[in-house]
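Next up, model18.cif (mmCIF, C-alpha atoms and all ligand atoms):
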data_protein
loop_
_atom_site.label_atom_id
_atom_site.label_comp_id
_atom_site.auth_asym_id
_atom_site.auth_seq_id
_atom_site.Cartn_x
_atom_site.Cartn_y
_atom_site.Cartn_z
CA MET A 13 -65.78 -28.16 14.30
CA ASN A 14 -63.97 -28.15 17.65
CA ALA A 15 -61.82 -25.39 19.06
CA GLY A 16 -58.47 -26.17 20.61
CA VAL A 17 -55.05 -24.75 21.29
CA ILE A 18 -52.59 -24.45 18.37
CA GLY A 19 -49.91 -22.34 20.07
CA ILE A 20 -48.90 -21.11 23.50
CA GLY A 21 -46.48 -18.59 24.98
CA ARG A 22 -45.67 -16.86 28.22
CA TYR A 23 -43.60 -14.02 29.58
CA VAL A 24 -42.50 -13.34 33.16
CA PRO A 25 -40.37 -10.36 34.24
CA ASP A 26 -36.76 -11.06 35.30
CA ARG A 27 -36.93 -9.26 38.64
CA VAL A 28 -37.44 -11.67 41.54
CA LEU A 29 -38.97 -10.62 44.87
CA THR A 30 -38.37 -13.28 47.52
CA ASN A 31 -40.14 -13.87 50.81
CA GLU A 32 -36.97 -12.65 52.53
CA ASP A 33 -37.21 -9.40 50.57
CA LEU A 34 -40.81 -9.01 51.78
CA GLU A 35 -39.75 -9.55 55.40
CA LYS A 36 -38.00 -6.17 55.06
CA ILE A 37 -41.13 -4.44 53.72
CA VAL A 38 -43.99 -5.79 55.89
CA ASP A 39 -44.34 -7.66 59.19
CA THR A 40 -44.22 -11.19 57.77
CA SER A 41 -41.97 -14.23 57.60
CA ASP A 42 -40.80 -16.66 54.97
CA GLU A 43 -42.20 -19.46 57.15
CA TRP A 44 -45.70 -17.90 57.30
CA ILE A 45 -45.87 -17.26 53.57
CA ARG A 46 -44.60 -20.72 52.60
CA SER A 47 -46.81 -22.64 55.00
CA ARG A 48 -50.02 -20.65 54.33
CA THR A 49 -49.65 -20.19 50.56
CA GLY A 50 -46.79 -22.26 49.10
CA ILE A 51 -45.23 -19.09 47.65
CA GLU A 52 -41.43 -18.68 47.79
CA GLU A 53 -40.91 -15.83 45.36
CA ARG A 54 -42.70 -13.79 42.70
CA ARG A 55 -41.75 -11.67 39.67
CA ILE A 56 -42.22 -7.91 39.56
CA ALA A 57 -42.20 -5.92 36.32
CA ASP A 58 -40.09 -2.76 36.11
CA ASP A 59 -41.86 0.61 36.21
CA ASP A 60 -41.36 1.14 32.49
CA MET A 61 -42.97 -2.19 31.59
CA ASP A 62 -46.75 -1.93 31.73
CA THR A 63 -49.38 -4.64 31.33
CA SER A 64 -49.64 -4.35 27.54
CA HIS A 65 -45.91 -4.90 27.20
CA LEU A 66 -46.09 -8.15 29.19
CA ALA A 67 -49.08 -9.21 27.05
CA GLU A 68 -47.31 -8.37 23.81
CA LEU A 69 -44.29 -10.53 24.67
CA ALA A 70 -46.42 -13.55 25.64
CA ALA A 71 -48.57 -13.11 22.51
CA LYS A 72 -45.50 -13.01 20.24
CA ASN A 73 -44.30 -16.29 21.76
CA ALA A 74 -47.72 -17.89 21.17
CA LEU A 75 -47.84 -16.70 17.54
CA GLU A 76 -44.37 -18.09 16.98
CA ASP A 77 -45.34 -21.40 18.57
CA ALA A 78 -48.47 -21.60 16.36
CA GLU A 79 -46.35 -20.60 13.33
CA ILE A 80 -48.87 -18.03 12.13
CA PRO A 81 -48.46 -14.35 11.27
CA ALA A 82 -50.38 -11.81 13.37
CA GLU A 83 -52.40 -10.77 10.29
CA GLU A 84 -54.19 -14.14 10.48
CA LEU A 85 -55.76 -13.35 13.83
CA ASP A 86 -59.50 -12.65 13.66
CA MET A 87 -59.88 -11.69 17.30
CA ILE A 88 -57.82 -10.72 20.36
CA LEU A 89 -59.25 -11.30 23.83
CA VAL A 90 -57.16 -10.04 26.72
CA ALA A 91 -58.16 -11.09 30.22
CA THR A 92 -56.86 -8.53 32.71
CA VAL A 93 -57.83 -6.39 35.69
CA THR A 94 -54.68 -4.27 35.51
CA GLY A 95 -54.88 -2.68 32.06
CA ASP A 96 -52.54 0.18 31.20
CA TYR A 97 -55.49 2.59 31.06
CA GLY A 98 -59.21 2.58 31.87
CA PHE A 99 -59.45 2.56 28.09
CA PRO A 100 -58.34 1.81 25.41
CA SER A 101 -58.19 -1.92 26.11
CA VAL A 102 -54.93 -3.82 26.37
CA ALA A 103 -56.25 -5.88 23.44
CA CYS A 104 -56.31 -2.77 21.21
CA LEU A 105 -52.83 -1.74 22.36
CA ILE A 106 -51.32 -5.11 21.46
CA GLN A 107 -53.30 -5.39 18.23
CA GLU A 108 -51.38 -2.38 16.94
CA ARG A 109 -47.99 -3.60 18.22
CA LEU A 110 -48.42 -7.13 16.91
CA GLY A 111 -49.65 -5.87 13.54
CA ALA A 112 -52.85 -7.90 13.89
CA LYS A 113 -54.72 -5.49 11.66
CA ASN A 114 -57.53 -7.93 10.80
CA ALA A 115 -58.45 -8.69 14.39
CA VAL A 116 -61.26 -7.27 16.49
CA ALA A 117 -59.86 -6.59 19.96
CA MET A 118 -61.37 -6.40 23.43
CA ASP A 119 -60.60 -7.05 27.09
CA VAL A 120 -62.38 -9.49 29.39
CA SER A 121 -62.80 -8.57 33.05
CA ALA A 122 -63.20 -11.70 35.18
CA ALA A 123 -60.16 -11.44 37.46
CA CYS A 124 -58.37 -14.76 38.00
CA ALA A 125 -61.00 -16.69 35.99
CA GLY A 126 -60.42 -14.33 33.05
CA PHE A 127 -58.26 -16.58 30.92
CA ILE A 128 -60.82 -19.41 31.17
CA TYR A 129 -63.64 -16.97 30.30
CA GLY A 130 -61.53 -15.91 27.30
CA MET A 131 -60.97 -19.48 26.15
CA ILE A 132 -64.66 -20.32 26.43
CA THR A 133 -65.62 -17.13 24.56
CA ALA A 134 -63.11 -17.94 21.82
CA LYS A 135 -64.54 -21.45 21.55
CA GLN A 136 -68.00 -20.02 20.75
CA TYR A 137 -66.67 -17.87 17.90
CA ILE A 138 -64.61 -20.73 16.46
CA GLU A 139 -67.26 -23.42 16.70
CA SER A 140 -69.96 -21.17 15.23
CA GLY A 141 -67.67 -20.73 12.21
CA THR A 142 -67.49 -16.95 12.77
CA TYR A 143 -63.72 -16.77 13.28
CA LYS A 144 -60.77 -19.06 12.61
CA LYS A 145 -57.93 -17.83 14.81
CA ILE A 146 -58.26 -16.11 18.16
CA LEU A 147 -55.50 -14.92 20.47
CA VAL A 148 -56.41 -15.22 24.16
CA VAL A 149 -54.06 -13.57 26.65
CA GLY A 150 -54.12 -13.60 30.45
CA VAL A 151 -51.95 -10.77 31.78
CA GLU A 152 -51.51 -8.86 35.01
CA LYS A 153 -49.23 -6.28 36.49
CA LEU A 154 -50.64 -6.73 39.99
CA SER A 155 -47.66 -4.99 41.55
CA LYS A 156 -49.16 -1.65 40.53
CA ILE A 157 -52.36 -2.21 42.54
CA THR A 158 -50.75 -4.03 45.48
CA ASN A 159 -50.78 -2.20 48.79
CA TRP A 160 -47.18 -2.74 49.87
CA GLU A 161 -48.11 -1.83 53.44
CA ASP A 162 -50.78 -4.54 53.80
CA ARG A 163 -49.23 -7.88 54.75
CA ASN A 164 -52.54 -9.67 54.11
CA THR A 165 -52.20 -9.12 50.37
CA ALA A 166 -48.68 -7.84 49.59
CA VAL A 167 -47.13 -11.28 49.94
CA LEU A 168 -49.51 -13.03 47.53
CA PHE A 169 -49.29 -11.49 44.10
CA GLY A 170 -46.93 -11.28 41.14
CA ASP A 171 -46.75 -10.08 37.53
CA GLY A 172 -46.81 -12.15 34.34
CA ALA A 173 -48.50 -13.03 31.06
CA GLY A 174 -49.61 -16.18 29.24
CA ALA A 175 -51.21 -16.59 25.83
CA ALA A 176 -52.85 -19.19 23.63
CA ILE A 177 -54.01 -19.26 20.02
CA ILE A 178 -57.43 -20.91 19.79
CA ALA A 179 -58.39 -22.39 16.41
CA PRO A 180 -60.12 -25.45 14.90
CA VAL A 181 -58.28 -28.69 15.72
CA SER A 182 -58.65 -32.28 14.59
CA GLU A 183 -61.64 -34.36 15.65
CA GLY A 184 -61.67 -35.52 19.24
CA ARG A 185 -59.15 -32.90 20.34
CA GLY A 186 -59.64 -29.42 21.75
CA ILE A 187 -62.04 -28.08 24.36
CA LEU A 188 -64.32 -31.00 25.25
CA SER A 189 -66.51 -29.21 27.78
CA PHE A 190 -66.68 -26.14 29.97
CA ASP A 191 -68.22 -24.78 33.12
CA MET A 192 -68.44 -21.12 34.10
CA GLY A 193 -70.28 -19.05 36.63
CA SER A 194 -70.46 -15.79 38.55
CA ASP A 195 -71.73 -14.69 41.94
CA GLY A 196 -71.85 -10.92 42.32
CA SER A 197 -72.96 -11.26 45.94
CA GLY A 198 -69.30 -12.02 46.68
CA ALA A 199 -68.00 -8.85 44.98
CA LYS A 200 -67.21 -7.40 48.41
CA HIS A 201 -64.64 -10.10 49.14
CA LEU A 202 -62.12 -9.13 46.46
CA TYR A 203 -61.99 -5.79 44.69
CA GLN A 204 -59.92 -2.79 43.73
CA ASN A 205 -60.82 0.38 45.58
CA GLY A 206 -59.01 3.41 44.26
CA GLN A 207 -55.41 2.48 43.77
CA HIS A 208 -55.31 -0.70 45.81
CA LEU A 209 -56.57 -4.24 45.85
CA TYR A 210 -58.52 -5.40 48.89
CA MET A 211 -59.22 -9.01 49.79
CA SER A 212 -61.00 -10.88 52.52
CA GLY A 213 -58.70 -13.90 52.24
CA ARG A 214 -60.73 -16.27 54.44
CA GLU A 215 -63.94 -15.73 52.43
CA VAL A 216 -62.22 -16.19 49.08
CA PHE A 217 -60.45 -19.25 50.45
CA LYS A 218 -63.73 -20.91 51.50
CA PHE A 219 -65.32 -20.16 48.12
CA ALA A 220 -62.28 -21.47 46.23
CA VAL A 221 -61.89 -24.80 48.05
CA ARG A 222 -65.54 -25.52 47.27
CA GLN A 223 -65.67 -24.15 43.72
CA MET A 224 -62.45 -25.46 42.17
CA PRO A 225 -63.14 -29.16 42.82
CA GLU A 226 -66.81 -28.75 41.92
CA SER A 227 -66.09 -27.07 38.58
CA SER A 228 -63.33 -29.57 37.77
CA LEU A 229 -65.63 -32.54 38.36
CA LYS A 230 -68.38 -30.87 36.33
CA VAL A 231 -66.27 -30.51 33.17
CA VAL A 232 -65.08 -34.10 33.46
CA GLU A 233 -68.69 -35.29 33.65
CA LYS A 234 -69.84 -32.96 30.85
CA ALA A 235 -67.09 -34.39 28.63
CA GLY A 236 -68.49 -37.87 29.24
CA LEU A 237 -65.35 -38.87 31.15
CA GLU A 238 -64.49 -40.27 34.56
CA LYS A 239 -62.02 -38.56 36.87
CA GLU A 240 -59.60 -41.45 36.22
CA ASP A 241 -59.42 -40.21 32.60
CA VAL A 242 -57.83 -36.90 33.65
CA ASP A 243 -54.10 -36.85 32.85
CA PHE A 244 -53.17 -33.42 34.16
CA LEU A 245 -54.69 -30.63 36.25
CA ILE A 246 -53.85 -26.96 35.78
CA PRO A 247 -55.50 -25.00 38.58
CA HIS A 248 -55.29 -21.26 39.13
CA GLN A 249 -52.11 -20.78 41.16
CA ALA A 250 -53.38 -18.75 44.12
CA ASN A 251 -52.60 -20.88 47.12
CA ILE A 252 -51.15 -24.37 47.30
CA ARG A 253 -53.73 -25.46 49.90
CA ILE A 254 -56.60 -24.59 47.53
CA MET A 255 -54.84 -26.37 44.66
CA GLU A 256 -54.29 -29.50 46.74
CA ALA A 257 -58.00 -29.57 47.64
CA ALA A 258 -58.88 -29.70 43.94
CA ARG A 259 -56.23 -32.32 43.19
CA GLU A 260 -57.39 -34.57 46.02
CA ARG A 261 -61.04 -34.37 44.92
CA LEU A 262 -59.98 -35.51 41.44
CA GLY A 263 -57.89 -38.30 43.00
CA LEU A 264 -54.74 -37.24 41.15
CA PRO A 265 -51.15 -37.78 42.35
CA SER A 266 -49.07 -34.62 42.74
CA GLU A 267 -47.03 -35.32 39.58
CA LYS A 268 -50.26 -34.79 37.62
CA MET A 269 -50.75 -31.18 38.69
CA ALA A 270 -48.99 -27.97 37.64
CA TYR A 271 -47.19 -26.10 40.43
CA THR A 272 -45.86 -22.64 39.61
CA VAL A 273 -47.24 -20.79 42.64
CA GLN A 274 -43.93 -21.21 44.51
CA LYS A 275 -42.04 -19.31 41.75
CA TYR A 276 -44.55 -16.71 40.64
CA GLY A 277 -47.14 -16.28 43.40
CA ASN A 278 -50.67 -15.49 42.34
CA THR A 279 -50.55 -13.84 38.91
CA SER A 280 -54.35 -13.78 38.53
CA SER A 281 -55.52 -14.24 34.93
CA SER A 282 -52.04 -15.20 33.73
CA SER A 283 -51.44 -18.03 36.20
CA ILE A 284 -53.23 -20.76 34.23
CA PRO A 285 -51.64 -20.08 30.82
CA ILE A 286 -48.19 -19.65 32.41
CA ALA A 287 -48.62 -23.00 34.19
CA LEU A 288 -49.81 -24.60 30.93
CA VAL A 289 -46.77 -23.36 29.02
CA GLU A 290 -44.34 -24.52 31.72
CA SER A 291 -45.99 -27.96 31.98
CA VAL A 292 -45.65 -28.43 28.22
CA MET A 293 -42.03 -27.17 28.31
CA ASP A 294 -41.24 -29.62 31.13
CA GLY A 295 -42.65 -32.53 29.10
CA LYS A 296 -45.47 -33.19 31.57
CA ILE A 297 -48.17 -32.93 28.90
CA LYS A 298 -48.25 -35.07 25.75
CA GLU A 299 -50.55 -35.29 22.75
CA ASP A 300 -54.06 -36.57 23.50
CA ASP A 301 -53.71 -36.05 27.24
CA VAL A 302 -56.93 -34.93 28.92
CA LEU A 303 -56.29 -31.69 30.83
CA VAL A 304 -58.53 -29.83 33.26
CA LEU A 305 -57.90 -26.08 33.52
CA VAL A 306 -59.77 -24.42 36.37
CA GLY A 307 -59.82 -20.96 37.89
CA PHE A 308 -61.71 -18.71 40.30
CA GLY A 309 -61.46 -15.10 41.25
CA GLY A 310 -62.88 -11.71 42.06
CA GLY A 311 -66.44 -11.12 40.99
CA LEU A 312 -66.82 -13.74 42.21
CA THR A 313 -66.14 -15.69 39.05
CA TRP A 314 -65.15 -19.24 38.19
CA GLY A 315 -64.55 -21.34 35.11
CA ALA A 316 -63.10 -24.65 33.95
CA VAL A 317 -62.45 -26.49 30.71
CA ALA A 318 -61.64 -30.08 29.88
CA LEU A 319 -59.17 -30.02 27.02
CA LYS A 320 -57.75 -32.82 24.91
CA TRP A 321 -54.25 -31.67 24.08
CA GLY A 322 -52.97 -31.48 20.49
CA LYS A 323 -53.84 -29.79 17.20
O1 LIG A 401 -56.75 -15.33 43.04
C1 LIG A 401 -57.91 -15.39 43.79
C2 LIG A 401 -57.87 -14.59 45.01
N1 LIG A 401 -57.10 -14.96 46.12
C3 LIG A 401 -57.04 -16.13 46.79
O2 LIG A 401 -57.25 -17.18 46.31
C4 LIG A 401 -56.66 -16.09 48.21
C5 LIG A 401 -57.52 -16.98 49.05
N2 LIG A 401 -57.15 -16.93 50.44
C6 LIG A 401 -55.96 -17.39 50.91
O3 LIG A 401 -55.16 -17.88 50.16
C7 LIG A 401 -55.74 -17.34 52.39
O4 LIG A 401 -56.91 -17.00 53.05
C8 LIG A 401 -54.59 -16.37 52.79
C9 LIG A 401 -53.26 -16.92 52.35
C10 LIG A 401 -54.83 -15.00 52.19
C11 LIG A 401 -54.55 -16.22 54.32
O5 LIG A 401 -54.36 -17.48 54.94
P1 LIG A 401 -55.30 -17.93 56.12
O6 LIG A 401 -54.84 -19.23 56.57
O7 LIG A 401 -56.72 -17.81 55.64
O8 LIG A 401 -54.96 -16.88 57.25
P2 LIG A 401 -55.92 -15.79 57.93
O9 LIG A 401 -56.36 -14.76 56.95
O10 LIG A 401 -56.97 -16.51 58.68
O11 LIG A 401 -54.91 -15.10 58.93
C12 LIG A 401 -54.29 -15.79 59.98
C13 LIG A 401 -53.35 -14.85 60.73
C14 LIG A 401 -53.96 -13.51 61.09
O12 LIG A 401 -53.51 -13.18 62.37
P3 LIG A 401 -54.48 -13.31 63.64
O13 LIG A 401 -55.63 -12.41 63.34
O14 LIG A 401 -54.86 -14.75 63.68
O15 LIG A 401 -53.60 -12.85 64.76
C15 LIG A 401 -53.33 -12.57 60.08
O16 LIG A 401 -53.23 -11.26 60.58
O17 LIG A 401 -52.20 -14.57 59.90
C16 LIG A 401 -51.99 -13.16 59.88
N3 LIG A 401 -51.37 -12.80 58.62
C17 LIG A 401 -50.04 -12.79 58.42
N4 LIG A 401 -49.00 -13.09 59.23
C18 LIG A 401 -47.77 -13.00 58.71
C19 LIG A 401 -51.98 -12.41 57.48
N5 LIG A 401 -51.05 -12.18 56.52
C20 LIG A 401 -49.84 -12.40 57.09
C21 LIG A 401 -48.53 -12.32 56.61
N6 LIG A 401 -47.52 -12.64 57.46
N7 LIG A 401 -48.23 -11.96 55.34
#
Hey, can you dump this file as structure tokens for me?
Ligand code: UT7
Amino acid sequence: MNAGVIGIGRYVPDRVLTNEDLEKIVDTSDEWIRSRTGIEERRIADDDMDTSHLAELAAKNALEDAEIPAEELDMILVATVTGDYGFPSVACLIQERLGAKNAVAMDVSAACAGFIYGMITAKQYIESGTYKKILVVGVEKLSKITNWEDRNTAVLFGDGAGAAIIAPVSEGRGILSFDMGSDGSGAKHLYQNGQHLYMSGREVFKFAVRQMPESSLKVVEKAGLEKEDVDFLIPHQANIRIMEAARERLGLPSEKMAYTVQKYGNTSSSSIPIALVESVMDGKIKEDDVLVLVGFGGGLTWGAVALKWGK
């Protein structure tokens, strides 16, 4: 039995914060932000919309896309580092609101690699025959932990949510292979201390340009494929220069990679599922395409999957 994706959904807040808006808040420029990161604008959730609300809206879209009622969910995994509370988990909060009364619910803490960790965890439960339908959500309200006085980080992040329903799919489709890893010695490079997020951008950058291509190539090899077999790359949308490094190592043209970083900035665990949804909506992904999804983040953590698209 192989686990794959039977439904997807995303939600991004309406409120747009442009680079020009940020020029009024910190000592920065549109030119610096664009050239160093590729970001042009990001979305910011209103004060009365917390993380679980973003997650709930993305999850509802995914359930609708999969055409299943919430009662059919066996498990809810929410990848987030910006939960509404220390506890209960965002997963428990949305279980109640979705009416997913048969699901066990928990959060996954792996920062920007969280959605990939969630997918790989879901795959284990599906392929062991334990569960049949699992909702995986990547969601962040990073605006609430952003230090709006620190130009090193304030310009990078945004809010959003993406979701997928993982379930058994037909033979040959679904998650073909995965790679995941952690390196706690790099915890000091990206963390939340008290209210705010802190990042040593250079260090994370160096780690990411090495890890993203490496992990991507690993899942291709583990799936018994060549890099020429990859139809589409969905990297974590942190910085366009890191994304391009991964694309070039896979030898893919730019039309075979998802770019949402310019519109949404870095939305951590939600960036990969949001980019997946938008690539499908834009008709860039078709049935039986081989996709590589790859992410990295605070921890340090990283993860990738090779996925053959379709039910
Ligand atoms: O989701 C996973 C976690 N995050 C990441 O993936 C981020 C990884 N890192 C990066 O994307 C990049 O390192 C950054 C975009 C954060 C920074 O780009 P960089 O090319 O590594 O620049 P830098 O940190 O080496 O800084 C260069 C200069 C510094 O000035 P000095 O010391 O050379 O005078 C910074 O103070 O740019 C300055 N700077 C800024 N200038 C204008 C830093 N932030 C800004 C800013 N506007 N917003």
List every residue of chain A that has an atom at most 7 Å from any atom of ligand LIG 401 (chain A), giving for each one its closest atom pair and the distance in Å to one decimal, counting only C-alpha atoms and all ligand atoms, sorted by chain and then by ascending residue number, as CSV.
residue,atom,partner,partner_atom,distance
A:Asp39,CA,A:LIG401,N6,6.2
A:Thr40,CA,A:LIG401,N6,3.6
A:Ser41,CA,A:LIG401,N6,5.8
A:Trp44,CA,A:LIG401,C18,5.5
A:Ile45,CA,A:LIG401,N7,6.1
A:Arg48,CA,A:LIG401,C9,5.3
A:Thr49,CA,A:LIG401,C9,5.2
A:Cys124,CA,A:LIG401,O1,5.3
A:Arg163,CA,A:LIG401,N7,4.2
A:Asn164,CA,A:LIG401,N5,3.8
A:Thr165,CA,A:LIG401,C10,6.7
A:Val167,CA,A:LIG401,N7,5.6
A:Gly213,CA,A:LIG401,O4,3.7
A:Arg214,CA,A:LIG401,O4,4.1
A:Val216,CA,A:LIG401,C5,4.8
A:Phe217,CA,A:LIG401,C5,4.0
A:Ala220,CA,A:LIG401,O2,6.6
A:Ala250,CA,A:LIG401,O2,4.7
A:Asn251,CA,A:LIG401,O3,5.0
A:Asn278,CA,A:LIG401,O1,6.1
A:Ser280,CA,A:LIG401,O1,5.3
A:Phe308,CA,A:LIG401,C1,6.1
A:Gly309,CA,A:LIG401,C1,4.4
A:Gly310,CA,A:LIG401,C1,6.4
Interatomic distance, atom CA of A:Asn14 to atom CA of A:Ile286 (Å, one decimal):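 Atom CA of A:Asn14 sits 23.2 Å away from atom CA of A:Ile286.
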Selected residue, from A:Val24, A:Val273, A:Leu34, A:Leu85, that lies nearest to A:Ile254 when counting only C-alpha atoms: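 For A:Ile254, the nearest of the given residues is A:Val273.
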A:Ser227 surroundings by all atoms listed in the file, 10 Å radius, close-in-sequence under 3 positions cut, as a VMD selection string: chain A and resid 190 to 193 222 to 224 230 to 233 258 304 to 308 314 to 317
Nearest candidate to A:Arg22 (options A:Asn73, A:Ser155, A:Ser266, A:Thr272; using only C-alpha atoms):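 Residue with the minimum atom-to-atom distance to A:Arg22: A:Asn73.
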Residue nearest A:Val93 - candidates A:Leu202, A:Ala112, A:Ile51, A:Ile132, atoms counted: all atoms listed in the file: A:Leu202
8 Å contact set for A:Glu299, only C-alpha atoms, chain neighbours under 5 positions out, as a list in words: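 What passes the distance filter is Lys320, Trp321 and Gly322 of chain A.
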All residues 9 Å or closer to A:Lys323, all atoms listed in the file, same chain fewer than 6 positions away omitted, as a list in words: Gly16, Val17, Ile18, Gly19, Ala179, Pro180, Val181, Ser182, Arg185, Gly186 and Glu299 of chain A
Residue nearest A:Gly150 - candidates A:Ala91, A:Ile106, A:Val38, A:Val116, atoms counted: all atoms listed in the file: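 Closest to A:Gly150 of all the choices is A:Ala91.
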Two-atom distance - atom CA of A:Gly98, atom CA of A:Gly130 (Å): 19.2 Å
Residues within 6 Å of (-56.1, -5.7, 23.9), file coords, all atoms listed in the file, listed as a VMD selection string: chain A and resid 90 101 to 106 117 to 119
